[in-house]
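Asks: Enclosed is the structure file structure-v4.pdb (PDB, C-alpha atoms and all ligand atoms).
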```
ATOM      1  CA  MET A 192     -17.089 101.168 -22.100
ATOM      2  CA  ASN A 193     -15.434  97.785 -22.623
ATOM      3  CA  PRO A 194     -11.718  98.409 -23.164
ATOM      4  CA  ASP A 195     -11.358  95.039 -24.923
ATOM      5  CA  LEU A 196     -13.419  96.395 -27.809
ATOM      6  CA  PHE A 197     -10.459  98.638 -28.559
ATOM      7  CA  ALA A 198      -7.701  96.082 -28.099
ATOM      8  CA  SER A 199      -6.768  96.364 -31.789
ATOM      9  CA  GLU A 200      -5.996 100.051 -31.200
ATOM     10  CA  ASN A 201      -2.773  99.027 -29.524
ATOM     11  CA  GLU A 202      -1.003  98.503 -32.853
ATOM     12  CA  PRO A 203       2.087 100.757 -32.724
ATOM     13  CA  ILE A 204       2.080 103.640 -35.201
ATOM     14  CA  SER A 205       5.402 104.913 -36.592
ATOM     15  CA  LEU A 206       5.189 108.635 -37.251
ATOM     16  CA  LYS A 207       6.495 109.609 -40.660
ATOM     17  CA  MET A 208       9.146 112.133 -39.604
ATOM     18  CA  PRO A 209      12.503 112.699 -41.321
ATOM     19  CA  ASP A 210      15.565 112.689 -39.001
ATOM     20  CA  ALA A 211      13.541 111.084 -36.193
ATOM     21  CA  GLU A 212      12.241 107.800 -34.811
ATOM     22  CA  VAL A 213       8.904 108.240 -33.097
ATOM     23  CA  ILE A 214       6.485 105.405 -32.327
ATOM     24  CA  TYR A 215       3.030 105.817 -30.768
ATOM     25  CA  PHE A 216       1.201 103.046 -28.878
ATOM     26  CA  PRO A 217      -2.386 104.368 -28.470
ATOM     27  CA  SER A 218      -3.451 101.906 -25.775
ATOM     28  CA  PHE A 219      -0.272 100.767 -24.021
ATOM     29  CA  PHE A 220      -2.473 100.459 -20.917
ATOM     30  CA  ASN A 221      -6.221  99.908 -21.292
ATOM     31  CA  LYS A 222      -8.502 102.750 -20.172
ATOM     32  CA  VAL A 223      -9.471 101.108 -16.847
ATOM     33  CA  LEU A 224      -5.845 100.506 -15.832
ATOM     34  CA  ALA A 225      -4.758 103.939 -17.098
ATOM     35  CA  THR A 226      -7.445 105.733 -15.079
ATOM     36  CA  ASP A 227      -6.479 103.732 -11.981
ATOM     37  CA  PHE A 228      -2.794 104.715 -12.455
ATOM     38  CA  PHE A 229      -3.871 108.346 -12.905
ATOM     39  CA  GLU A 230      -5.721 108.327  -9.541
ATOM     40  CA  ARG A 231      -2.877 106.606  -7.716
ATOM     41  CA  LEU A 232      -0.121 108.804  -9.190
ATOM     42  CA  SER A 233      -2.088 111.971  -8.321
ATOM     43  CA  LYS A 234      -1.992 110.931  -4.657
ATOM     44  CA  THR A 235       1.311 109.082  -4.182
ATOM     45  CA  ILE A 236       3.737 111.331  -6.099
ATOM     46  CA  LYS A 237       5.294 114.262  -4.239
ATOM     47  CA  TRP A 238       4.428 116.989  -6.765
ATOM     48  CA  GLN A 239       6.348 120.275  -6.690
ATOM     49  CA  GLN A 240       6.265 123.576  -8.612
ATOM     50  CA  ASP A 241       9.742 124.953  -9.304
ATOM     51  CA  ASN A 242      10.866 128.298 -10.634
ATOM     52  CA  ILE A 243      12.623 128.106 -14.001
ATOM     53  CA  THR A 244      15.013 130.541 -15.603
ATOM     54  CA  VAL A 245      14.781 130.930 -19.363
ATOM     55  CA  TYR A 246      16.734 133.671 -21.183
ATOM     56  CA  GLY A 247      17.619 135.200 -17.782
ATOM     57  CA  LYS A 248      13.991 135.514 -16.591
ATOM     58  CA  THR A 249      12.664 133.526 -13.636
ATOM     59  CA  TYR A 250       9.043 132.398 -13.232
ATOM     60  CA  PRO A 251       7.048 129.455 -11.799
ATOM     61  CA  GLN A 252       6.921 126.491 -14.139
ATOM     62  CA  PRO A 253       3.429 126.214 -15.700
ATOM     63  CA  ARG A 254       2.904 122.649 -14.367
ATOM     64  CA  LEU A 255       3.857 120.425 -11.429
ATOM     65  CA  THR A 256       6.850 118.077 -11.673
ATOM     66  CA  ALA A 257       8.666 115.310  -9.787
ATOM     67  CA  LEU A 258      11.779 113.162 -10.317
ATOM     68  CA  TYR A 259      12.170 109.503  -9.336
ATOM     69  CA  ALA A 260      15.075 107.139 -10.102
ATOM     70  CA  ILE A 261      16.747 103.844  -9.278
ATOM     71  CA  ASN A 262      20.051 105.738  -8.702
ATOM     72  CA  ASN A 263      20.977 109.082  -7.120
ATOM     73  CA  ASN A 264      21.819 110.884 -10.344
ATOM     74  CA  SER A 265      20.290 114.333 -10.555
ATOM     75  CA  TYR A 266      18.762 115.913 -13.671
ATOM     76  CA  ARG A 267      19.451 119.504 -14.672
ATOM     77  CA  TYR A 268      17.369 121.511 -17.167
ATOM     78  CA  SER A 269      16.245 125.156 -17.588
ATOM     79  CA  GLY A 270      18.369 126.173 -14.586
ATOM     80  CA  ILE A 271      16.703 123.635 -12.244
ATOM     81  CA  THR A 272      18.533 120.750 -10.598
ATOM     82  CA  MET A 273      16.193 117.956  -9.543
ATOM     83  CA  ASN A 274      17.326 115.264  -7.114
ATOM     84  CA  PRO A 275      15.460 111.972  -7.455
ATOM     85  CA  LYS A 276      13.377 110.081  -4.924
ATOM     86  CA  PRO A 277      13.288 106.266  -4.956
ATOM     87  CA  PHE A 278      10.701 104.720  -7.309
ATOM     88  CA  THR A 279       7.215 104.142  -5.864
ATOM     89  CA  GLU A 280       5.246 100.912  -6.287
ATOM     90  CA  GLU A 281       3.214 102.371  -9.199
ATOM     91  CA  LEU A 282       6.300 103.692 -10.993
ATOM     92  CA  LEU A 283       8.056 100.324 -10.659
ATOM     93  CA  ALA A 284       5.038  98.490 -12.078
ATOM     94  CA  ILE A 285       4.864 100.894 -15.038
ATOM     95  CA  LYS A 286       8.646 100.828 -15.617
ATOM     96  CA  GLU A 287       8.612  97.009 -15.770
ATOM     97  CA  LYS A 288       6.192  97.003 -18.715
ATOM     98  CA  VAL A 289       7.885  99.966 -20.443
ATOM     99  CA  ASP A 290      11.370  98.393 -20.115
ATOM    100  CA  ILE A 291      10.134  95.197 -21.799
ATOM    101  CA  ALA A 292       8.381  97.047 -24.619
ATOM    102  CA  CYS A 293      11.427  99.262 -25.298
ATOM    103  CA  ASN A 294      14.053  96.589 -24.623
ATOM    104  CA  VAL A 295      16.093  98.873 -22.325
ATOM    105  CA  SER A 296      16.401  99.475 -18.593
ATOM    106  CA  PHE A 297      15.289 103.003 -17.753
ATOM    107  CA  THR A 298      16.890 104.572 -14.655
ATOM    108  CA  THR A 299      14.884 107.745 -14.204
ATOM    109  CA  CYS A 300      11.354 109.072 -14.481
ATOM    110  CA  LEU A 301      10.567 112.781 -14.834
ATOM    111  CA  LEU A 302       6.878 113.391 -14.159
ATOM    112  CA  ASN A 303       4.690 116.297 -15.251
ATOM    113  CA  GLN A 304       1.217 117.166 -14.032
ATOM    114  CA  TYR A 305      -0.783 119.581 -16.198
ATOM    115  CA  ARG A 306      -3.590 120.667 -13.847
ATOM    116  CA  ASP A 307      -5.725 121.935 -16.771
ATOM    117  CA  GLY A 308      -5.318 123.521 -20.212
ATOM    118  CA  GLN A 309      -3.577 126.557 -18.713
ATOM    119  CA  ASP A 310      -0.615 124.346 -17.794
ATOM    120  CA  SER A 311       1.864 123.667 -20.601
ATOM    121  CA  ASN A 312       5.402 122.710 -21.619
ATOM    122  CA  GLY A 313       7.188 125.111 -24.004
ATOM    123  CA  TRP A 314       9.233 124.235 -27.109
ATOM    124  CA  HIS A 315      12.328 122.218 -26.177
ATOM    125  CA  SER A 316      14.253 119.076 -26.969
ATOM    126  CA  ASP A 317      15.418 116.599 -24.374
ATOM    127  CA  ASN A 318      19.087 117.010 -25.190
ATOM    128  CA  GLU A 319      20.700 117.501 -21.769
ATOM    129  CA  LYS A 320      24.248 116.156 -21.428
ATOM    130  CA  GLU A 321      23.181 113.599 -18.798
ATOM    131  CA  LEU A 322      21.050 111.818 -21.430
ATOM    132  CA  GLY A 323      23.956 111.129 -23.825
ATOM    133  CA  THR A 324      23.656 111.097 -27.632
ATOM    134  CA  ASN A 325      20.462 109.858 -29.316
ATOM    135  CA  PRO A 326      18.596 109.331 -26.031
ATOM    136  CA  ILE A 327      15.620 106.995 -25.845
ATOM    137  CA  ILE A 328      12.652 108.559 -24.056
ATOM    138  CA  ALA A 329       9.418 106.733 -23.248
ATOM    139  CA  SER A 330       6.547 109.105 -22.526
ATOM    140  CA  LEU A 331       3.312 107.840 -20.926
ATOM    141  CA  SER A 332       0.027 109.725 -20.695
ATOM    142  CA  PHE A 333      -2.688 109.360 -18.047
ATOM    143  CA  GLY A 334      -5.872 111.404 -17.673
ATOM    144  CA  ALA A 335      -6.961 114.232 -19.984
ATOM    145  CA  GLU A 336      -5.883 114.035 -23.646
ATOM    146  CA  ARG A 337      -3.453 116.735 -24.753
ATOM    147  CA  TRP A 338      -1.961 117.685 -28.124
ATOM    148  CA  PHE A 339       1.780 117.113 -28.549
ATOM    149  CA  HIS A 340       3.464 119.254 -31.219
ATOM    150  CA  PHE A 341       6.736 118.626 -33.041
ATOM    151  CA  LYS A 342       8.656 121.095 -35.201
ATOM    152  CA  HIS A 343      11.909 120.498 -37.099
ATOM    153  CA  LYS A 344      14.813 122.684 -35.948
ATOM    154  CA  THR A 345      16.055 123.711 -39.395
ATOM    155  CA  ASP A 346      13.323 122.836 -41.947
ATOM    156  CA  LYS A 347      10.642 125.222 -40.649
ATOM    157  CA  GLN A 348       7.928 123.686 -42.902
ATOM    158  CA  LEU A 349       8.147 120.358 -41.085
ATOM    159  CA  LYS A 350       5.555 120.053 -38.306
ATOM    160  CA  ARG A 351       3.628 117.181 -36.749
ATOM    161  CA  LYS A 352       0.984 116.914 -34.048
ATOM    162  CA  ILE A 353      -0.458 113.967 -32.201
ATOM    163  CA  LEU A 354      -3.223 113.656 -29.592
ATOM    164  CA  LEU A 355      -1.852 111.793 -26.565
ATOM    165  CA  GLU A 356      -4.577 109.540 -25.189
ATOM    166  CA  ASN A 357      -5.130 108.178 -21.669
ATOM    167  CA  GLY A 358      -2.917 105.058 -21.377
ATOM    168  CA  SER A 359      -0.773 105.796 -24.442
ATOM    169  CA  LEU A 360       3.001 105.518 -24.888
ATOM    170  CA  LEU A 361       5.023 107.817 -27.154
ATOM    171  CA  LEU A 362       8.523 106.540 -27.799
ATOM    172  CA  MET A 363      11.190 108.957 -29.077
ATOM    173  CA  LYS A 364      14.619 107.688 -30.078
ATOM    174  CA  GLY A 365      17.436 107.954 -32.669
ATOM    175  CA  THR A 366      18.079 111.547 -33.733
ATOM    176  CA  THR A 367      14.626 112.865 -32.699
ATOM    177  CA  GLN A 368      16.022 115.212 -30.008
ATOM    178  CA  GLU A 369      18.867 116.417 -32.245
ATOM    179  CA  PHE A 370      16.600 117.526 -35.096
ATOM    180  CA  TRP A 371      13.169 118.239 -33.566
ATOM    181  CA  LEU A 372      11.610 120.362 -30.806
ATOM    182  CA  HIS A 373       8.399 119.386 -29.017
ATOM    183  CA  GLN A 374       5.812 121.120 -26.822
ATOM    184  CA  ILE A 375       2.489 120.691 -25.013
ATOM    185  CA  PRO A 376       0.589 123.883 -25.895
ATOM    186  CA  LYS A 377      -1.982 125.562 -23.676
ATOM    187  CA  SER A 378      -5.640 124.941 -24.537
ATOM    188  CA  LYS A 379      -8.720 126.782 -23.214
ATOM    189  CA  LYS A 380     -10.912 123.728 -23.810
ATOM    190  CA  ILE A 381      -9.094 121.415 -21.392
ATOM    191  CA  LEU A 382     -10.527 121.510 -17.869
ATOM    192  CA  HIS A 383      -9.127 118.253 -16.477
ATOM    193  CA  PRO A 384      -5.650 117.198 -15.337
ATOM    194  CA  ARG A 385      -3.159 115.039 -17.204
ATOM    195  CA  ILE A 386      -0.165 113.183 -15.764
ATOM    196  CA  ASN A 387       2.832 112.486 -18.000
ATOM    197  CA  LEU A 388       5.722 110.167 -17.162
ATOM    198  CA  THR A 389       8.938 110.398 -19.193
ATOM    199  CA  PHE A 390      11.297 107.492 -18.597
ATOM    200  CA  ARG A 391      14.925 108.250 -19.385
ATOM    201  CA  ILE A 392      18.397 106.749 -18.880
ATOM    202  CA  ILE A 393      20.776 108.824 -16.721
ATOM    203  CA  GLN A 394      23.956 106.880 -15.919
TER     204      GLN A 394
HETATM  205  O1  LIG A 401       3.892 116.037 -21.264
HETATM  206  C1  LIG A 401       4.430 115.536 -22.248
HETATM  207  O2  LIG A 401       3.865 114.714 -22.973
HETATM  208  C2  LIG A 401       5.817 115.968 -22.648
HETATM  209  C3  LIG A 401       6.761 116.175 -21.514
HETATM  210  C4  LIG A 401       8.121 116.551 -21.986
HETATM  211  O3  LIG A 401       8.335 116.861 -23.124
HETATM  212  C5  LIG A 401       9.247 116.543 -21.043
HETATM  213  O4  LIG A 401       9.037 116.362 -19.821
HETATM  214  O5  LIG A 401      10.380 116.692 -21.486
HETATM  215 FE    FE A 402      10.421 116.808 -23.550
END
```
Output the structure of this file as structure tokens.
Ligand SMILES: O=C(O)CCC(=O)C(=O)O
Ligand SMILES: [Fe+2]
Replies:
Amino acid sequence: MNPDLFASENEPISLKMPDAEVIYFPSFFNKVLATDFFERLSKTIKWQQDNITVYGKTYPQPRLTALYAINNNSYRYSGITMNPKPFTEELLAIKEKVDIACNVSFTTCLLNQYRDGQDSNGWHSDNEKELGTNPIIASLSFGAERWFHFKHKTDKQLKRKILLENGSLLLMKGTTQEFWLHQIPKSKKILHPRINLTFRIIQ
């Protein structure tokens, strides 16, 4: 497949969502580059599986994670405190392009590896104190495509879903985290792994 044939697919798409600012770049990296990043990140990242505590119950997180940053600031969510490692060569290369596209300087990258469709990420918003108000979050996808669901916190009718493609960037900013939850649901059909990188600012 010639990735240049799909160059026009990189037009950003603004999702029509009240109380949110969400922009999707289908081909932020072309398929060849994205697949190469997937292979390299699988090997070079120090993946871990933590236990999380939600509503007083503790169980292994249904995915692998890792935290990397340009500073030493830790990130705390669902009862886990993660201490960052210094950025790898791949993460620095990706961050450079993401920083330019988003016009900010991200400090931190939280990574998720969904080994197959049995791995998931439950309903949440990225509203931890460390992120400040109206955080900007740049979320990159490599490997298997997965559905990403949004639901509004108060207007229960409001729902959106988007298929996150290999090499895509989903940008969430403004009041998105204040008004919406998101999740990666399980899926029996997905047999291959996906790596997700969420760049954040933690001062
Ligand atoms: O895997 C994804 O696309 C979403 C990850 C996510 O929501 C998070 O790490 O906060
Ligand atoms: Fe999230």
Asks: Which one of A:Glu280, A:Glu212, A:Asp346, A:Glu321 sits closest to Thr299 of chain A if you count all atoms listed in the file?
Replies: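 Closest residue, counting all atoms listed in the file: A:Glu321.
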Asks: Counting only C-alpha atoms and all ligand atoms, name the residues that have an atom within 8 Å of an atom of ligand LIG 401 (chain A); the answer should be given as JSON, numbers by chain.
Replies: {"A": [301, 302, 303, 304, 305, 311, 312, 315, 316, 317, 330, 331, 332, 337, 339, 355, 373, 374, 375, 386, 387, 388, 389]}
Asks: Print the selection's residues with C-alpha atoms to a file, as an mmCIF file, in the frame of the given file.
Replies:
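Output saved as part03.cif:
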```cif
data_model
loop_
_atom_site.group_PDB
_atom_site.id
_atom_site.type_symbol
_atom_site.label_atom_id
_atom_site.label_comp_id
_atom_site.auth_asym_id
_atom_site.auth_seq_id
_atom_site.Cartn_x
_atom_site.Cartn_y
_atom_site.Cartn_z
ATOM 1 C CA LEU A 301 10.567 112.781 -14.834
ATOM 2 C CA LEU A 302 6.878 113.391 -14.159
ATOM 3 C CA ASN A 303 4.690 116.297 -15.251
ATOM 4 C CA GLN A 304 1.217 117.166 -14.032
ATOM 5 C CA TYR A 305 -0.783 119.581 -16.198
ATOM 6 C CA SER A 311 1.864 123.667 -20.601
ATOM 7 C CA ASN A 312 5.402 122.710 -21.619
ATOM 8 C CA HIS A 315 12.328 122.218 -26.177
ATOM 9 C CA SER A 316 14.253 119.076 -26.969
ATOM 10 C CA ASP A 317 15.418 116.599 -24.374
ATOM 11 C CA SER A 330 6.547 109.105 -22.526
ATOM 12 C CA LEU A 331 3.312 107.840 -20.926
ATOM 13 C CA SER A 332 0.027 109.725 -20.695
ATOM 14 C CA ARG A 337 -3.453 116.735 -24.753
ATOM 15 C CA PHE A 339 1.780 117.113 -28.549
ATOM 16 C CA LEU A 355 -1.852 111.793 -26.565
ATOM 17 C CA HIS A 373 8.399 119.386 -29.017
ATOM 18 C CA GLN A 374 5.812 121.120 -26.822
ATOM 19 C CA ILE A 375 2.489 120.691 -25.013
ATOM 20 C CA ILE A 386 -0.165 113.183 -15.764
ATOM 21 C CA ASN A 387 2.832 112.486 -18.000
ATOM 22 C CA LEU A 388 5.722 110.167 -17.162
ATOM 23 C CA THR A 389 8.938 110.398 -19.193
#
```
Asks: Evaluating the PyMOL selection byres (((chain A and resi 325) around 6) and not hetatm) on the displayed file yields which residues, as a VMD selection string?
Replies: chain A and resid 324 326 365 to 366
Asks: To one decimal place in Å, what is the distance between atom CA of Phe297 of chain A and atom CA of Gln394 of chain A?
Replies: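 Computed distance, atom CA of Phe297 of chain A to atom CA of Gln394 of chain A, equals 9.7 Å.
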Asks: Which residues, named as in the file, does the PyMOL selection byres (((chain A and resi 275) around 9) and not hetatm) pick out? Answer as a ChimeraX atom specification.
Replies: /A:257-266,273-274,276-278,299-301
Asks: So how many Å separate atom CA of Glu202 of chain A and atom CA of Trp314 of chain A, to one decimal?
Replies: 28.3 Å
Asks: Applying the PyMOL selection byres (((chain A and resi 224) around 12) and not hetatm) to the file I just gave you, which residues come out? Please list them as a PyMOL selection string.
Replies: chain A and resi 194-195+218-223+225-231+281+284-285+332-334+357-359
Asks: Please, what distance in Å, to one decimal, runs between atom CA of Thr367 of chain A and atom CA of Tyr246 of chain A?
Replies: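 For atom CA of Thr367 of chain A relative to atom CA of Tyr246 of chain A, the distance reads 23.9 Å.
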Asks: Would you mind telling me which residue in A:Lys380, A:Arg385, A:His340, A:Lys352 lies nearest to ligand FE 402 (chain A) when using only C-alpha atoms and all ligand atoms?
Replies: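 Nearest candidate to ligand FE 402 (chain A) out of A:Lys380, A:Arg385, A:His340, A:Lys352: A:His340.
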Asks: Extract, using all atoms listed in the file, all DNA, RNA and protein residues at most 9 Å from Lys379 of chain A, discarding same-chain residues fewer than 5 positions from it, and format them as a PyMOL selection string.
Replies: chain A and resi 307-309
Asks: Choose the residue, out of A:Ile392, A:Glu287, A:Gly313, A:Ile353, that has the smallest atom-to-atom separation from ligand FE 402 (chain A); count all atoms listed in the file.
Replies: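 That would be A:Gly313, the residue with the smallest distance to ligand FE 402 (chain A).
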Asks: Grab all the atoms of segment 233-239 of chain A that the file lists, wrap them in a box along x, y and z, add 5 Å per side, and give me centre plus edge lengths in Å (one decimal) as JSON.
Replies:
```
{"center_x": 2.1, "center_y": 114.7, "center_z": -6.3, "size_x": 18.4, "size_y": 21.2, "size_z": 14.1}
```
Asks: From the options A:Lys347, A:Lys286, A:Lys364, A:His383, which residue's atoms come nearest to ligand FE 402 (chain A), counting all atoms listed in the file?
Replies: A:Lys364
Asks: What lies within 8 Å of Ile214 of chain A using all atoms listed in the file, ignoring chain neighbours under 4 positions off, as a ChimeraX atom specification?
Replies: /A:203-206,361-363
